[in-house]
$ cat my_file.cif   # mmCIF, C-alpha atoms
data_query
#
loop_
_atom_site.group_PDB
_atom_site.id
_atom_site.type_symbol
_atom_site.label_atom_id
_atom_site.label_comp_id
_atom_site.auth_asym_id
_atom_site.auth_seq_id
_atom_site.Cartn_x
_atom_site.Cartn_y
_atom_site.Cartn_z
ATOM 1 C CA MET W 881 36.525 -57.258 -6.449
ATOM 2 C CA SER W 882 38.874 -55.947 -3.777
ATOM 3 C CA ASP W 883 40.342 -59.394 -3.038
ATOM 4 C CA PRO W 884 43.829 -59.411 -4.651
ATOM 5 C CA ILE W 885 43.424 -63.029 -5.777
ATOM 6 C CA MET W 886 40.077 -62.332 -7.415
ATOM 7 C CA THR W 887 41.434 -59.161 -9.015
ATOM 8 C CA ARG W 888 44.268 -61.202 -10.526
ATOM 9 C CA ILE W 889 41.821 -63.822 -11.799
ATOM 10 C CA GLN W 890 39.626 -61.146 -13.380
ATOM 11 C CA HIS W 891 42.662 -59.606 -15.077
ATOM 12 C CA SER W 892 43.771 -63.036 -16.391
ATOM 13 C CA HIS W 893 40.293 -63.750 -17.707
ATOM 14 C CA THR W 894 40.106 -60.398 -19.492
ATOM 15 C CA LEU W 895 43.452 -61.008 -21.177
ATOM 16 C CA LEU W 896 42.403 -64.474 -22.337
ATOM 17 C CA VAL W 897 39.117 -63.208 -23.761
ATOM 18 C CA ALA W 898 41.060 -60.610 -25.739
ATOM 19 C CA GLN W 899 43.586 -63.154 -27.012
ATOM 20 C CA LEU W 900 40.961 -65.715 -28.029
ATOM 21 C CA SER W 901 38.956 -63.051 -29.859
ATOM 22 C CA LYS W 902 41.880 -62.827 -32.301
ATOM 23 C CA LYS W 903 41.190 -66.450 -33.305
ATOM 24 C CA PRO W 904 44.733 -67.807 -32.786
ATOM 25 C CA THR W 905 45.556 -71.016 -34.639
ATOM 26 C CA SER W 906 46.451 -74.183 -32.793
ATOM 27 C CA LYS W 907 49.641 -75.811 -34.070
ATOM 28 C CA THR W 908 48.124 -79.181 -33.189
ATOM 29 C CA THR W 909 44.877 -78.919 -35.164
ATOM 30 C CA ASN W 910 45.829 -76.152 -37.622
ATOM 31 C CA ALA W 911 42.459 -74.630 -36.780
ATOM 32 C CA PRO W 912 41.494 -71.634 -34.662
ATOM 33 C CA VAL W 913 41.426 -72.293 -30.926
ATOM 34 C CA PRO W 914 37.689 -72.355 -30.119
ATOM 35 C CA SER W 915 36.728 -69.399 -27.967
ATOM 36 C CA THR W 916 34.243 -71.675 -26.189
ATOM 37 C CA ILE W 917 37.124 -73.429 -24.424
ATOM 38 C CA LEU W 918 37.035 -70.470 -22.002
ATOM 39 C CA LYS W 919 33.832 -70.471 -19.973
ATOM 40 C CA SER W 920 32.934 -66.807 -19.630
ATOM 41 C CA THR W 921 29.629 -66.936 -17.747
ATOM 42 C CA PRO W 922 28.677 -68.710 -14.509
ATOM 43 C CA ALA W 923 26.030 -70.716 -16.377
ATOM 44 C CA GLU W 924 28.636 -72.039 -18.822
ATOM 45 C CA ALA W 925 30.987 -72.895 -15.965
ATOM 46 C CA LEU W 926 28.312 -74.707 -13.965
ATOM 47 C CA ALA W 927 27.261 -76.726 -17.007
ATOM 48 C CA VAL W 928 30.760 -78.228 -17.167
ATOM 49 C CA PHE W 929 30.119 -80.044 -13.879
ATOM 50 C CA THR W 930 26.393 -80.758 -14.165
ATOM 51 C CA ASP W 931 26.927 -82.793 -17.337
ATOM 52 C CA PRO W 932 25.140 -86.079 -16.496
ATOM 53 C CA SER W 933 28.066 -88.137 -17.798
ATOM 54 C CA ILE W 934 30.325 -86.680 -15.096
ATOM 55 C CA THR W 935 29.847 -88.470 -11.798
ATOM 56 C CA HIS W 936 33.296 -87.946 -10.257
ATOM 57 C CA VAL W 937 34.925 -84.531 -9.779
ATOM 58 C CA LEU W 938 38.637 -84.626 -8.920
ATOM 59 C CA LEU W 939 39.940 -81.422 -7.369
ATOM 60 C CA ASP W 940 43.513 -80.338 -6.923
ATOM 61 C CA CYS W 941 43.767 -78.367 -3.693
ATOM 62 C CA ASP W 942 46.202 -75.458 -3.485
ATOM 63 C CA GLY W 943 45.328 -73.016 -6.262
ATOM 64 C CA VAL W 944 41.927 -74.627 -6.865
ATOM 65 C CA VAL W 945 40.115 -75.076 -3.559
ATOM 66 C CA TYR W 946 42.227 -72.655 -1.556
ATOM 67 C CA CYS W 947 45.364 -70.562 -1.916
ATOM 68 C CA ASN W 948 47.687 -71.361 0.942
ATOM 69 C CA LYS W 949 45.475 -70.676 3.994
ATOM 70 C CA PHE W 950 42.729 -68.740 2.225
ATOM 71 C CA PRO W 951 39.559 -70.329 0.769
ATOM 72 C CA LEU W 952 38.901 -69.354 -2.825
ATOM 73 C CA TYR W 953 35.713 -67.445 -3.560
ATOM 74 C CA LYS W 954 32.514 -69.535 -3.842
ATOM 75 C CA THR W 955 34.430 -72.821 -3.660
ATOM 76 C CA ASN W 956 32.514 -73.887 -0.576
ATOM 77 C CA GLU W 957 29.205 -73.337 -2.384
ATOM 78 C CA MET W 958 30.379 -75.186 -5.488
ATOM 79 C CA ILE W 959 31.534 -78.276 -3.585
ATOM 80 C CA THR W 960 28.342 -78.288 -1.521
ATOM 81 C CA HIS W 961 26.230 -77.974 -4.675
ATOM 82 C CA LEU W 962 28.084 -80.723 -6.518
ATOM 83 C CA GLN W 963 27.581 -83.133 -3.640
ATOM 84 C CA SER W 964 23.918 -82.153 -3.288
ATOM 85 C CA ILE W 965 23.243 -83.212 -6.889
ATOM 86 C CA GLY W 966 24.978 -86.546 -6.442
ATOM 87 C CA LYS W 967 28.466 -85.837 -7.744
ATOM 88 C CA LYS W 968 31.317 -87.640 -5.980
ATOM 89 C CA VAL W 969 34.002 -85.108 -5.061
ATOM 90 C CA PHE W 970 37.596 -86.077 -4.301
ATOM 91 C CA PHE W 971 40.571 -83.946 -3.295
ATOM 92 C CA VAL W 972 43.561 -85.183 -5.288
ATOM 93 C CA THR W 973 46.836 -83.486 -4.441
ATOM 94 C CA ASN W 974 50.544 -84.036 -4.973
ATOM 95 C CA SER W 975 51.194 -82.562 -1.554
ATOM 96 C CA SER W 976 52.418 -85.293 0.771
ATOM 97 C CA SER W 977 52.751 -83.293 3.976
ATOM 98 C CA LYS W 978 49.403 -84.373 5.432
ATOM 99 C CA SER W 979 47.736 -87.762 5.834
ATOM 100 C CA ARG W 980 44.167 -88.257 4.632
ATOM 101 C CA GLN W 981 42.852 -87.623 8.148
ATOM 102 C CA ALA W 982 44.875 -84.431 8.602
ATOM 103 C CA MET W 983 43.975 -83.257 5.117
ATOM 104 C CA ALA W 984 40.262 -83.833 5.773
ATOM 105 C CA HIS W 985 40.530 -81.775 8.952
ATOM 106 C CA LYS W 986 42.060 -78.902 7.009
ATOM 107 C CA VAL W 987 39.321 -78.953 4.366
ATOM 108 C CA GLN W 988 36.587 -79.279 6.992
ATOM 109 C CA THR W 989 37.802 -76.312 9.010
ATOM 110 C CA LEU W 990 39.325 -74.018 6.396
ATOM 111 C CA MET W 991 36.510 -74.479 3.886
ATOM 112 C CA ASN W 992 33.682 -74.850 6.435
ATOM 113 C CA LEU W 993 32.750 -78.234 4.983
ATOM 114 C CA PRO W 994 32.173 -80.380 8.084
ATOM 115 C CA ASP W 995 30.687 -83.327 6.172
ATOM 116 C CA ILE W 996 33.807 -83.923 4.072
ATOM 117 C CA THR W 997 35.449 -87.243 5.003
ATOM 118 C CA ALA W 998 38.959 -88.663 4.957
ATOM 119 C CA ASP W 999 37.814 -91.150 2.297
ATOM 120 C CA GLN W 1000 37.473 -88.213 -0.111
ATOM 121 C CA MET W 1001 41.120 -87.272 0.363
ATOM 122 C CA VAL W 1002 43.661 -88.678 -2.082
ATOM 123 C CA PRO W 1003 47.058 -87.151 -1.249
ATOM 124 C CA SER W 1004 50.072 -88.537 -3.051
ATOM 125 C CA CYS W 1005 51.461 -89.892 0.227
ATOM 126 C CA TYR W 1006 48.473 -92.257 0.399
ATOM 127 C CA ALA W 1007 48.982 -93.339 -3.215
ATOM 128 C CA ALA W 1008 52.648 -93.971 -2.452
ATOM 129 C CA ALA W 1009 51.829 -95.950 0.680
ATOM 130 C CA THR W 1010 49.322 -98.196 -1.091
ATOM 131 C CA TYR W 1011 51.792 -98.787 -3.922
ATOM 132 C CA VAL W 1012 54.586 -99.666 -1.498
ATOM 133 C CA LYS W 1013 52.264 -102.015 0.387
ATOM 134 C CA SER W 1014 51.541 -103.869 -2.865
ATOM 135 C CA VAL W 1015 55.187 -104.433 -3.825
ATOM 136 C CA LEU W 1016 57.251 -104.422 -0.631
ATOM 137 C CA PRO W 1017 58.116 -107.875 0.722
ATOM 138 C CA PRO W 1018 56.692 -108.673 4.180
ATOM 139 C CA ASN W 1019 58.622 -107.377 7.208
ATOM 140 C CA LYS W 1020 60.557 -104.873 5.121
ATOM 141 C CA LYS W 1021 60.789 -101.239 6.263
ATOM 142 C CA CYS W 1022 60.837 -97.892 4.439
ATOM 143 C CA TYR W 1023 63.388 -95.145 4.741
ATOM 144 C CA VAL W 1024 61.374 -91.926 4.484
ATOM 145 C CA ILE W 1025 62.360 -88.468 3.317
ATOM 146 C CA GLY W 1026 59.325 -86.270 3.702
ATOM 147 C CA GLY W 1027 56.691 -84.888 5.986
ATOM 148 C CA LYS W 1028 54.559 -86.555 8.606
ATOM 149 C CA GLY W 1029 51.902 -87.492 6.034
ATOM 150 C CA VAL W 1030 54.174 -90.010 4.311
ATOM 151 C CA ALA W 1031 55.137 -91.822 7.513
ATOM 152 C CA ASP W 1032 51.562 -91.729 8.844
ATOM 153 C CA GLU W 1033 50.083 -93.360 5.742
ATOM 154 C CA LEU W 1034 52.790 -96.038 5.650
ATOM 155 C CA ASN W 1035 52.267 -96.785 9.347
ATOM 156 C CA LEU W 1036 48.497 -97.089 8.847
ATOM 157 C CA LEU W 1037 49.191 -99.862 6.333
ATOM 158 C CA GLY W 1038 51.446 -101.658 8.795
ATOM 159 C CA ILE W 1039 54.754 -100.573 7.255
ATOM 160 C CA GLU W 1040 57.483 -99.572 9.685
ATOM 161 C CA CYS W 1041 59.450 -96.434 8.842
ATOM 162 C CA VAL W 1042 62.905 -95.114 9.624
ATOM 163 C CA GLY W 1043 64.086 -91.628 8.832
ATOM 164 C CA GLY W 1044 61.121 -89.310 8.424
ATOM 165 C CA PRO W 1045 60.683 -85.661 9.386
ATOM 166 C CA TYR W 1046 63.571 -83.782 10.992
ATOM 167 C CA SER W 1047 63.423 -83.574 14.769
ATOM 168 C CA GLU W 1048 65.134 -80.882 16.806
ATOM 169 C CA GLY W 1049 68.610 -82.047 17.675
ATOM 170 C CA ASP W 1050 68.989 -84.353 14.669
ATOM 171 C CA ALA W 1051 72.271 -84.097 12.791
ATOM 172 C CA VAL W 1052 71.953 -82.257 9.479
ATOM 173 C CA GLY W 1053 75.287 -83.196 7.909
ATOM 174 C CA MET W 1054 77.576 -86.189 7.637
ATOM 175 C CA SER W 1055 81.351 -86.271 7.596
ATOM 176 C CA GLU W 1056 83.315 -88.889 5.671
ATOM 177 C CA GLU W 1057 83.821 -90.652 8.981
ATOM 178 C CA ASP W 1058 80.083 -90.600 9.663
ATOM 179 C CA ILE W 1059 79.356 -92.098 6.254
ATOM 180 C CA GLU W 1060 81.976 -94.820 6.651
ATOM 181 C CA GLY W 1061 80.675 -95.690 10.110
ATOM 182 C CA LEU W 1062 76.980 -95.650 9.281
ATOM 183 C CA VAL W 1063 75.225 -98.928 10.021
ATOM 184 C CA LEU W 1064 72.276 -99.340 7.685
ATOM 185 C CA ASP W 1065 69.106 -101.088 8.752
ATOM 186 C CA LYS W 1066 69.213 -104.373 6.839
ATOM 187 C CA ASP W 1067 65.408 -104.556 6.848
ATOM 188 C CA VAL W 1068 64.932 -101.391 4.767
ATOM 189 C CA GLY W 1069 63.642 -102.397 1.343
ATOM 190 C CA CYS W 1070 62.339 -99.086 0.021
ATOM 191 C CA VAL W 1071 63.161 -95.378 0.004
ATOM 192 C CA VAL W 1072 60.105 -93.122 -0.161
ATOM 193 C CA VAL W 1073 60.646 -89.468 -1.052
ATOM 194 C CA GLY W 1074 58.027 -86.806 -0.411
ATOM 195 C CA MET W 1075 58.063 -83.064 0.064
ATOM 196 C CA ALA W 1076 60.579 -82.322 2.811
ATOM 197 C CA SER W 1077 60.747 -78.703 3.898
ATOM 198 C CA ASP W 1078 63.348 -79.788 6.448
ATOM 199 C CA PHE W 1079 65.529 -81.652 3.933
ATOM 200 C CA THR W 1080 69.121 -82.185 5.074
ATOM 201 C CA TYR W 1081 72.350 -83.496 3.592
ATOM 202 C CA LYS W 1082 72.229 -86.368 6.095
ATOM 203 C CA MET W 1083 68.849 -87.496 4.690
ATOM 204 C CA LEU W 1084 70.249 -87.428 1.163
ATOM 205 C CA GLN W 1085 73.331 -89.417 2.101
ATOM 206 C CA GLU W 1086 71.418 -92.071 4.003
ATOM 207 C CA ALA W 1087 68.859 -92.515 1.217
ATOM 208 C CA CYS W 1088 71.582 -92.828 -1.410
ATOM 209 C CA LEU W 1089 73.475 -95.372 0.671
ATOM 210 C CA TYR W 1090 70.384 -97.566 0.995
ATOM 211 C CA LEU W 1091 69.896 -97.432 -2.778
ATOM 212 C CA GLN W 1092 73.557 -97.948 -3.633
ATOM 213 C CA GLN W 1093 74.175 -100.856 -1.286
ATOM 214 C CA ASP W 1094 71.016 -102.757 -2.171
ATOM 215 C CA PRO W 1095 70.182 -102.872 -5.907
ATOM 216 C CA GLY W 1096 66.799 -104.339 -4.986
ATOM 217 C CA CYS W 1097 65.862 -101.407 -2.765
ATOM 218 C CA LEU W 1098 62.824 -99.629 -4.256
ATOM 219 C CA LEU W 1099 62.705 -95.884 -4.897
ATOM 220 C CA VAL W 1100 59.227 -94.360 -4.721
ATOM 221 C CA SER W 1101 58.205 -90.684 -4.877
ATOM 222 C CA THR W 1102 55.048 -88.720 -4.185
ATOM 223 C CA ASN W 1103 55.704 -86.378 -7.091
ATOM 224 C CA GLN W 1104 57.478 -86.197 -10.428
ATOM 225 C CA ASP W 1105 61.186 -85.807 -11.065
ATOM 226 C CA GLU W 1106 62.678 -87.618 -8.121
ATOM 227 C CA TYR W 1107 65.969 -89.385 -8.724
ATOM 228 C CA GLY W 1108 68.447 -91.167 -6.515
ATOM 229 C CA SER W 1109 71.599 -93.211 -7.020
ATOM 230 C CA ARG W 1110 71.144 -93.030 -10.818
ATOM 231 C CA ARG W 1111 67.633 -94.427 -10.568
ATOM 232 C CA THR W 1112 64.312 -92.864 -11.511
ATOM 233 C CA ALA W 1113 61.665 -93.167 -8.837
ATOM 234 C CA VAL W 1114 58.232 -94.694 -9.304
ATOM 235 C CA ASN W 1115 56.016 -91.609 -9.257
ATOM 236 C CA CYS W 1116 52.782 -92.066 -7.305
ATOM 237 C CA GLY W 1117 51.391 -88.547 -7.718
ATOM 238 C CA LYS W 1118 49.773 -86.828 -10.694
ATOM 239 C CA PRO W 1119 50.022 -87.594 -13.594
ATOM 240 C CA SER W 1120 50.966 -91.186 -12.786
ATOM 241 C CA THR W 1121 49.144 -94.373 -13.678
ATOM 242 C CA VAL W 1122 49.708 -95.538 -10.093
ATOM 243 C CA LEU W 1123 47.417 -92.756 -8.888
ATOM 244 C CA PHE W 1124 44.806 -93.303 -11.588
ATOM 245 C CA ASP W 1125 44.700 -97.026 -10.846
ATOM 246 C CA LEU W 1126 44.128 -96.216 -7.161
ATOM 247 C CA LEU W 1127 41.240 -93.866 -7.974
ATOM 248 C CA GLN W 1128 39.738 -96.446 -10.299
ATOM 249 C CA ARG W 1129 40.107 -99.290 -7.828
ATOM 250 C CA GLU W 1130 38.931 -97.531 -4.671
ATOM 251 C CA HIS W 1131 36.509 -94.907 -5.998
ATOM 252 C CA GLY W 1132 35.208 -96.094 -9.351
ATOM 253 C CA VAL W 1133 36.859 -93.352 -11.397
ATOM 254 C CA THR W 1134 36.963 -94.020 -15.148
ATOM 255 C CA ALA W 1135 38.058 -92.048 -18.181
ATOM 256 C CA ALA W 1136 34.415 -91.471 -19.120
ATOM 257 C CA ASN W 1137 32.929 -90.436 -15.781
ATOM 258 C CA ALA W 1138 35.503 -88.060 -14.296
ATOM 259 C CA ILE W 1139 36.834 -84.545 -14.708
ATOM 260 C CA MET W 1140 40.138 -83.353 -13.249
ATOM 261 C CA VAL W 1141 40.222 -79.716 -12.099
ATOM 262 C CA GLY W 1142 43.629 -78.144 -11.555
ATOM 263 C CA ASP W 1143 45.835 -75.112 -11.964
ATOM 264 C CA ARG W 1144 48.900 -76.834 -13.439
ATOM 265 C CA VAL W 1145 49.198 -78.215 -16.947
ATOM 266 C CA ASP W 1146 52.171 -80.499 -16.306
ATOM 267 C CA THR W 1147 50.496 -82.410 -13.463
ATOM 268 C CA ASP W 1148 46.727 -81.831 -13.245
ATOM 269 C CA ILE W 1149 45.810 -81.407 -16.906
ATOM 270 C CA LYS W 1150 48.335 -84.010 -18.019
ATOM 271 C CA PHE W 1151 46.805 -86.423 -15.510
ATOM 272 C CA GLY W 1152 43.429 -85.950 -17.162
ATOM 273 C CA HIS W 1153 44.910 -86.140 -20.664
ATOM 274 C CA ASP W 1154 47.014 -89.255 -20.087
ATOM 275 C CA HIS W 1155 44.085 -91.225 -18.689
ATOM 276 C CA GLY W 1156 41.372 -90.056 -21.063
ATOM 277 C CA MET W 1157 39.520 -87.878 -18.580
ATOM 278 C CA ARG W 1158 38.147 -84.441 -19.217
ATOM 279 C CA SER W 1159 40.025 -81.619 -17.530
ATOM 280 C CA ALA W 1160 39.424 -78.041 -16.433
ATOM 281 C CA LEU W 1161 42.277 -75.558 -16.014
ATOM 282 C CA VAL W 1162 41.544 -72.756 -13.544
ATOM 283 C CA LEU W 1163 43.132 -69.308 -13.456
ATOM 284 C CA SER W 1164 43.199 -69.126 -9.651
ATOM 285 C CA GLY W 1165 46.571 -70.828 -9.221
ATOM 286 C CA CYS W 1166 49.941 -70.857 -10.947
ATOM 287 C CA SER W 1167 48.930 -70.765 -14.640
ATOM 288 C CA THR W 1168 49.240 -67.257 -16.058
ATOM 289 C CA PRO W 1169 47.211 -66.161 -19.100
ATOM 290 C CA GLU W 1170 50.429 -66.183 -21.113
ATOM 291 C CA LYS W 1171 51.048 -69.802 -20.102
ATOM 292 C CA VAL W 1172 47.468 -70.764 -20.950
ATOM 293 C CA MET W 1173 47.719 -69.245 -24.431
ATOM 294 C CA GLU W 1174 51.087 -70.894 -24.963
ATOM 295 C CA VAL W 1175 49.507 -74.253 -24.136
ATOM 296 C CA LEU W 1176 46.422 -73.677 -26.302
ATOM 297 C CA VAL W 1177 48.370 -72.764 -29.435
ATOM 298 C CA GLY W 1178 51.774 -74.353 -28.871
ATOM 299 C CA GLY W 1179 51.303 -77.853 -30.233
ATOM 300 C CA GLU W 1180 53.562 -80.777 -29.350
ATOM 301 C CA ASP W 1181 56.456 -78.487 -28.438
ATOM 302 C CA VAL W 1182 54.576 -77.137 -25.395
ATOM 303 C CA GLU W 1183 53.769 -79.597 -22.588
ATOM 304 C CA GLY W 1184 53.730 -82.414 -25.130
ATOM 305 C CA GLY W 1185 50.604 -81.044 -26.760
ATOM 306 C CA VAL W 1186 48.529 -81.469 -23.586
ATOM 307 C CA THR W 1187 45.587 -79.050 -23.478
ATOM 308 C CA PRO W 1188 42.641 -78.734 -21.085
ATOM 309 C CA SER W 1189 39.088 -79.535 -22.131
ATOM 310 C CA VAL W 1190 37.954 -76.181 -20.718
ATOM 311 C CA VAL W 1191 39.387 -73.136 -18.965
ATOM 312 C CA LEU W 1192 37.551 -71.604 -15.983
ATOM 313 C CA PRO W 1193 38.246 -68.391 -14.090
ATOM 314 C CA TYR W 1194 37.967 -70.308 -10.789
ATOM 315 C CA LEU W 1195 36.221 -73.397 -9.427
ATOM 316 C CA GLY W 1196 33.368 -71.514 -7.768
ATOM 317 C CA TYR W 1197 32.617 -69.311 -10.782
ATOM 318 C CA GLY W 1198 29.516 -71.327 -11.615
ATOM 319 C CA MET W 1199 27.982 -70.351 -8.263
ATOM 320 C CA ASP W 1200 28.665 -66.623 -8.586
ATOM 321 C CA ASP W 1201 25.177 -65.128 -8.771
ATOM 322 C CA THR W 1202 26.576 -61.600 -8.552
ATOM 323 C CA ILE W 1203 27.696 -61.803 -12.192
ATOM 324 C CA GLN W 1204 25.086 -61.067 -14.828
ATOM 325 C CA PRO W 1205 25.487 -62.233 -18.467
ATOM 326 C CA SER W 1206 26.039 -58.657 -19.597
ATOM 327 C CA SER W 1207 28.852 -58.169 -17.083
ATOM 328 C CA ALA W 1208 30.458 -61.612 -17.170
ATOM 329 C CA MET W 1209 34.177 -61.642 -16.580
#

$ encode --input "my_file.cif" --output "structure tokens"
Amino acid sequence: MSDPIMTRIQHSHTLLVAQLSKKPTSKTTNAPVPSTILKSTPAEALAVFTDPSITHVLLDCDGVVYCNKFPLYKTNEMITHLQSIGKKVFFVTNSSSKSRQAMAHKVQTLMNLPDITADQMVPSCYAAATYVKSVLPPNKKCYVIGGKGVADELNLLGIECVGGPYSEGDAVGMSEEDIEGLVLDKDVGCVVVGMASDFTYKMLQEACLYLQQDPGCLLVSTNQDEYGSRRTAVNCGKPSTVLFDLLQREHGVTAANAIMVGDRVDTDIKFGHDHGMRSALVLSGCSTPEKVMEVLVGGEDVEGGVTPSVVLPYLGYGMDDTIQPSSAM
């Protein structure tokens, strides 16, 4: 394995096998952490998804399907196989930079999966847009901090936006005089905050002014931990109920028929845990072996006691026919 990502995954897997062989005790159950939680052969990994009770497979994207602009090994084959045996595959991400259509294009081209459709994409900007549509009074607008995906999804639902991505020539700051002279759009009834790589002080000031001057102005975010004007935002990304309700309503996801696959415990695995779904934590993203062991043995003091149903080296591991049982990771 000359691929640096795969080498890192192999190293993480080896460390976890060694740690689990010591039979560490879970502080939650006061029993040894079962070594079977880590799927160490491709056959074991594939069986996780071919379980007949699982009909819906929810995939986080970065760190699970691809890493930045690089497809992860055997992921294409795994997704193709899952769909060929009747599993419904959805791409569920807290990234809000791309609309469903733009996200589908990325998966189609980057992953060489031309049959993937926009209906299979569930970015948090879409969840936020559908939530806003359900609660925003008619003819009200949204002030947007975030990428093009947020504004695109709101526009597709007939919601007019102000603010939005930074354009060349836009002011980035605001003086006291600018703030005092700012005329707010009286039709704005919601502030939507997504990932904004071009975030400016002017955006912050304008958003706060909308929230401060209108106590009824909604604050909605595409991810956790967004705050503004002493208010906590309604989170529409993982692990929120807003997102689960959307998946249930539009795609038939239930606690019993779905598995969430992700690389983060605080969003992906918690999303599965909070809504009764099974979950698979992969080693191909941001979770180090040390973090995984901390979660498996840490009890309520670590991530609120949230643990994955299984741990996999990577999503496509079940399709890796180069690994024999005697030489499994």

$ resolve_selection --input "my_file.cif" --expression "the PyMOL selection byres ((chain W and resi 1180-1185) around 8)" --output "list in words"
Lys907, Thr908, Val1145, Asp1146, Glu1174, Val1175, Gly1178, Gly1179, Val1186 and Thr1187 of chain W

$ write_last_selection --input "my_file.cif" --atoms "C-alpha atoms" --output "mmCIF file, in the frame of the given file"
data_model
loop_
_atom_site.group_PDB
_atom_site.id
_atom_site.type_symbol
_atom_site.label_atom_id
_atom_site.label_comp_id
_atom_site.auth_asym_id
_atom_site.auth_seq_id
_atom_site.Cartn_x
_atom_site.Cartn_y
_atom_site.Cartn_z
ATOM 1 C CA LYS W 907 49.641 -75.811 -34.070
ATOM 2 C CA THR W 908 48.124 -79.181 -33.189
ATOM 3 C CA VAL W 1145 49.198 -78.215 -16.947
ATOM 4 C CA ASP W 1146 52.171 -80.499 -16.306
ATOM 5 C CA GLU W 1174 51.087 -70.894 -24.963
ATOM 6 C CA VAL W 1175 49.507 -74.253 -24.136
ATOM 7 C CA GLY W 1178 51.774 -74.353 -28.871
ATOM 8 C CA GLY W 1179 51.303 -77.853 -30.233
ATOM 9 C CA VAL W 1186 48.529 -81.469 -23.586
ATOM 10 C CA THR W 1187 45.587 -79.050 -23.478
#

$ closest_residue --input "my_file.cif" --among "W:Glu1033, W:Leu896, W:Met1157, W:Ile996" --to "Lys919 in chain W" --atoms "only C-alpha atoms"
W:Leu896

$ resolve_selection --input "my_file.cif" --expression "the PyMOL selection byres ((chain W and resi 963) around 12)" --output "ChimeraX atom specification"
/W:929-930,935-937,956-962,964-970,993,995-996,1000

$ write_last_selection --input "my_file.cif" --atoms "C-alpha atoms" --output "PDB file, keeping the file's coordinate frame"
ATOM      1  CA  PHE W 929      30.119 -80.044 -13.879  1.00  0.00           C
ATOM      2  CA  THR W 930      26.393 -80.758 -14.165  1.00  0.00           C
ATOM      3  CA  THR W 935      29.847 -88.470 -11.798  1.00  0.00           C
ATOM      4  CA  HIS W 936      33.296 -87.946 -10.257  1.00  0.00           C
ATOM      5  CA  VAL W 937      34.925 -84.531  -9.779  1.00  0.00           C
ATOM      6  CA  ASN W 956      32.514 -73.887  -0.576  1.00  0.00           C
ATOM      7  CA  GLU W 957      29.205 -73.337  -2.384  1.00  0.00           C
ATOM      8  CA  MET W 958      30.379 -75.186  -5.488  1.00  0.00           C
ATOM      9  CA  ILE W 959      31.534 -78.276  -3.585  1.00  0.00           C
ATOM     10  CA  THR W 960      28.342 -78.288  -1.521  1.00  0.00           C
ATOM     11  CA  HIS W 961      26.230 -77.974  -4.675  1.00  0.00           C
ATOM     12  CA  LEU W 962      28.084 -80.723  -6.518  1.00  0.00           C
ATOM     13  CA  SER W 964      23.918 -82.153  -3.288  1.00  0.00           C
ATOM     14  CA  ILE W 965      23.243 -83.212  -6.889  1.00  0.00           C
ATOM     15  CA  GLY W 966      24.978 -86.546  -6.442  1.00  0.00           C
ATOM     16  CA  LYS W 967      28.466 -85.837  -7.744  1.00  0.00           C
ATOM     17  CA  LYS W 968      31.317 -87.640  -5.980  1.00  0.00           C
ATOM     18  CA  VAL W 969      34.002 -85.108  -5.061  1.00  0.00           C
ATOM     19  CA  PHE W 970      37.596 -86.077  -4.301  1.00  0.00           C
ATOM     20  CA  LEU W 993      32.750 -78.234   4.983  1.00  0.00           C
ATOM     21  CA  ASP W 995      30.687 -83.327   6.172  1.00  0.00           C
ATOM     22  CA  ILE W 996      33.807 -83.923   4.072  1.00  0.00           C
ATOM     23  CA  GLN W1000      37.473 -88.213  -0.111  1.00  0.00           C
TER      24      GLN W1000
END

$ closest_residue --input "my_file.cif" --among "W:His1153, W:Ser920, W:Thr1010, W:Leu926" --to "Gly1196 in chain W" --atoms "all atoms listed in the file"
W:Leu926

$ residues_around --input "my_file.cif" --residues "Asp1148 in chain W" --least-positions-apart "3" --cutoff "8 Å" --atoms "all atoms listed in the file" --output "PDB file with C-alpha atoms, in the coordinates of the input"
ATOM      1  CA  ASP W 940      43.513 -80.338  -6.923  1.00  0.00           C
ATOM      2  CA  LYS W1118      49.773 -86.828 -10.694  1.00  0.00           C
ATOM      3  CA  PRO W1119      50.022 -87.594 -13.594  1.00  0.00           C
ATOM      4  CA  MET W1140      40.138 -83.353 -13.249  1.00  0.00           C
ATOM      5  CA  VAL W1141      40.222 -79.716 -12.099  1.00  0.00           C
ATOM      6  CA  GLY W1142      43.629 -78.144 -11.555  1.00  0.00           C
ATOM      7  CA  ASP W1143      45.835 -75.112 -11.964  1.00  0.00           C
ATOM      8  CA  ARG W1144      48.900 -76.834 -13.439  1.00  0.00           C
ATOM      9  CA  VAL W1145      49.198 -78.215 -16.947  1.00  0.00           C
ATOM     10  CA  PHE W1151      46.805 -86.423 -15.510  1.00  0.00           C
ATOM     11  CA  GLY W1152      43.429 -85.950 -17.162  1.00  0.00           C
ATOM     12  CA  SER W1159      40.025 -81.619 -17.530  1.00  0.00           C
TER      13      SER W1159
END

$ resolve_selection --input "my_file.cif" --expression "the PyMOL selection byres ((chain W and resi 954) around 12)" --output "VMD selection string"
chain W and resid 886 922 944 to 946 950 to 953 955 to 961 991 to 992 1193 to 1202

$ closest_residue --input "my_file.cif" --among "W:Ser1014, W:Ser933, W:Thr916, W:Ser901" --to "Val1190 in chain W" --atoms "all atoms listed in the file"
W:Thr916

$ closest_residue --input "my_file.cif" --among "W:Lys986, W:Pro914, W:Tyr1081, W:Leu900" --to "Asn948 in chain W" --atoms "all atoms listed in the file"
W:Lys986

$ closest_residue --input "my_file.cif" --among "W:Leu1062, W:Ala1008, W:Thr1168, W:Ala1113" --to "Thr894 in chain W" --atoms "all atoms listed in the file"
W:Thr1168

$ closest_residue --input "my_file.cif" --among "W:Leu1089, W:Gly1027, W:Thr905, W:Val1042" --to "Ala1076 in chain W" --atoms "all atoms listed in the file"
W:Gly1027
